[in-house]
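Taking it in order: structure first as C-alpha cells, then the write-up.
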Amino acid sequence: MTGSRLTKPTLVNYSISGLFALILLAGCSKSAVYEKVYDKSLASKKVDCLKIESKNDIAAYIVKKDSFIKNFVKEECPVTLKITSHFVTSCTSAQAKALGSDFDGFLRLSLFRDGRLFYRNQRDFKGCLNQKVVKSLVDRMRERVNFEKRGNKAAKKKS
C-alpha cells in the first residue's frame, strides 16, 4: 500500500541494528590503551633509567627490545618498569572458556619510583604479543611521563 515508505518502528529497528553493527566493527579496530597517572608529581620527575621487572621472560624480552626502552635499561635504578602479561589460554574460568574472548591476552606496564606506583597503562591484544603492542604502550607512556631526552649522542656516550 505505501510502497517504499518506512514506518517509525521499522526505522527504530534499523537504527538499533546499525548501532549494534557499528559497536561490533569498532570492537574489531585497534585496541585501546587504558592508562592512569597515579601520582603526577612523580610522573613529572625526570626518568633517566629503568629497572625491568617481570615474571614472564618472553614479555620482558619483547619490551626490552623496544628502541626507546633499551636506552634506559639499568640493573640499579630507583624507577622500576613492572611488566605484567596475561594470556587467555592460561585462564581457568569455565565461563571465559565457554564464551570465548575478544582478545588473547593483555600487556600492562607499571612504573614505580622507590616502590611507589605513579603510572600504569594496559592494552589487550589478539594473536601473539608483539612489538606493535609494546610500541603503542611505550609511546603513550612517553607522552605522560617525563623521560630524559636521549638522542644519538647519549647512546654513543654510553657505549
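Scheme for the C-alpha cells: letters A, B, ... for chains in order shown; per-chain residue numbers from 1; ligand numbers from 1 in order shown.
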Quick one: residues within 8 Å of Val37 of chain A, only C-alpha atoms, excluding same-chain residues fewer than 4 positions away - as a list in words? Ala43, Phe118, Tyr119, Arg120 and Arg144 of chain A
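The spacing separating atom CA of Phe68 of chain A from atom CA of Lys46 of chain A amounts to 15.3 Å.
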Could you list, as an NGL selection string, every residue within 8 Å of Phe112 of chain A, counting only C-alpha atoms and ignoring same-chain residues fewer than 2 positions away? :A and (79-82 or 110 or 114-119)
At a cut-off of 9 Å, using only C-alpha atoms, what residues contact Leu129 of chain A? Leave out same-chain residues fewer than 5 positions from it and give the result as a list in words. Ala59, Ile62, Asp104, Gly105, Phe106, Leu107 and Val134 of chain A
For those residues, write C-alpha atoms to a file as an mmCIF file, in the first residue's frame.
data_model
loop_
_atom_site.group_PDB
_atom_site.id
_atom_site.type_symbol
_atom_site.label_atom_id
_atom_site.label_comp_id
_atom_site.auth_asym_id
_atom_site.auth_seq_id
_atom_site.Cartn_x
_atom_site.Cartn_y
_atom_site.Cartn_z
ATOM 1 C CA ALA A 59 57.194 -10.338 27.595
ATOM 2 C CA ILE A 62 59.921 -8.038 23.780
ATOM 3 C CA ASP A 104 44.021 -13.401 23.593
ATOM 4 C CA GLY A 105 45.768 -11.526 26.380
ATOM 5 C CA PHE A 106 46.897 -8.203 27.749
ATOM 6 C CA LEU A 107 50.146 -6.408 28.464
ATOM 7 C CA VAL A 134 54.603 -2.789 23.087
#
Do a neighbour search on Lys132 of chain A at 12 Å with only C-alpha atoms, toss out local chain neighbours closer than 5 positions, and write the hits as a PDB file with N, CA and C atoms, in the first residue's frame.
ATOM      1  N   LYS A  30      41.610  -1.114  16.175  1.00  0.00           N
ATOM      2  CA  LYS A  30      42.813  -1.068  17.003  1.00  0.00           C
ATOM      3  C   LYS A  30      42.444  -1.058  18.487  1.00  0.00           C
ATOM      4  N   SER A  31      43.140  -1.868  19.277  1.00  0.00           N
ATOM      5  CA  SER A  31      42.870  -1.947  20.704  1.00  0.00           C
ATOM      6  C   SER A  31      43.222  -0.636  21.392  1.00  0.00           C
ATOM      7  N   ILE A  62      60.547  -8.858  24.825  1.00  0.00           N
ATOM      8  CA  ILE A  62      59.921  -8.038  23.780  1.00  0.00           C
ATOM      9  C   ILE A  62      59.933  -6.563  24.183  1.00  0.00           C
ATOM     10  N   VAL A  63      59.660  -6.267  25.453  1.00  0.00           N
ATOM     11  CA  VAL A  63      59.670  -4.878  25.915  1.00  0.00           C
ATOM     12  C   VAL A  63      61.089  -4.318  25.879  1.00  0.00           C
ATOM     13  N   LYS A  65      63.413  -5.024  23.925  1.00  0.00           N
ATOM     14  CA  LYS A  65      63.828  -4.818  22.528  1.00  0.00           C
ATOM     15  C   LYS A  65      63.322  -3.500  21.957  1.00  0.00           C
ATOM     16  N   ASP A  66      62.349  -2.878  22.602  1.00  0.00           N
ATOM     17  CA  ASP A  66      61.806  -1.621  22.099  1.00  0.00           C
ATOM     18  C   ASP A  66      62.924  -0.585  21.986  1.00  0.00           C
ATOM     19  N   SER A  67      62.974   0.128  20.855  1.00  0.00           N
ATOM     20  CA  SER A  67      64.074   1.049  20.577  1.00  0.00           C
ATOM     21  C   SER A  67      64.181   2.176  21.605  1.00  0.00           C
ATOM     22  N   LEU A 107      48.826  -6.809  27.983  1.00  0.00           N
ATOM     23  CA  LEU A 107      50.146  -6.408  28.464  1.00  0.00           C
ATOM     24  C   LEU A 107      49.942  -5.139  29.272  1.00  0.00           C
ATOM     25  N   ARG A 123      47.034  -2.731  27.508  1.00  0.00           N
ATOM     26  CA  ARG A 123      46.370  -2.933  26.215  1.00  0.00           C
ATOM     27  C   ARG A 123      46.110  -4.416  26.015  1.00  0.00           C
ATOM     28  N   ASP A 124      44.914  -4.717  25.533  1.00  0.00           N
ATOM     29  CA  ASP A 124      44.582  -6.080  25.140  1.00  0.00           C
ATOM     30  C   ASP A 124      45.204  -6.350  23.774  1.00  0.00           C
ATOM     31  N   PHE A 125      45.444  -7.628  23.480  1.00  0.00           N
ATOM     32  CA  PHE A 125      45.933  -7.966  22.154  1.00  0.00           C
ATOM     33  C   PHE A 125      45.286  -9.252  21.670  1.00  0.00           C
ATOM     34  N   LYS A 126      45.223  -9.388  20.374  1.00  0.00           N
ATOM     35  CA  LYS A 126      44.709 -10.577  19.701  1.00  0.00           C
ATOM     36  C   LYS A 126      45.897 -11.222  18.998  1.00  0.00           C
ATOM     37  N   GLY A 127      45.995 -12.530  19.068  1.00  0.00           N
ATOM     38  CA  GLY A 127      47.138 -13.210  18.454  1.00  0.00           C
ATOM     39  C   GLY A 127      48.296 -13.230  19.425  1.00  0.00           C
ATOM     40  N   LEU A 137      52.034   1.024  23.841  1.00  0.00           N
ATOM     41  CA  LEU A 137      52.091   1.312  25.279  1.00  0.00           C
ATOM     42  C   LEU A 137      53.264   2.242  25.613  1.00  0.00           C
ATOM     43  N   VAL A 138      54.423   1.983  25.021  1.00  0.00           N
ATOM     44  CA  VAL A 138      55.597   2.813  25.286  1.00  0.00           C
ATOM     45  C   VAL A 138      55.359   4.235  24.777  1.00  0.00           C
ATOM     46  N   ASP A 139      54.794   4.373  23.587  1.00  0.00           N
ATOM     47  CA  ASP A 139      54.529   5.706  23.044  1.00  0.00           C
ATOM     48  C   ASP A 139      53.597   6.498  23.957  1.00  0.00           C
TER      49      ASP A 139
END
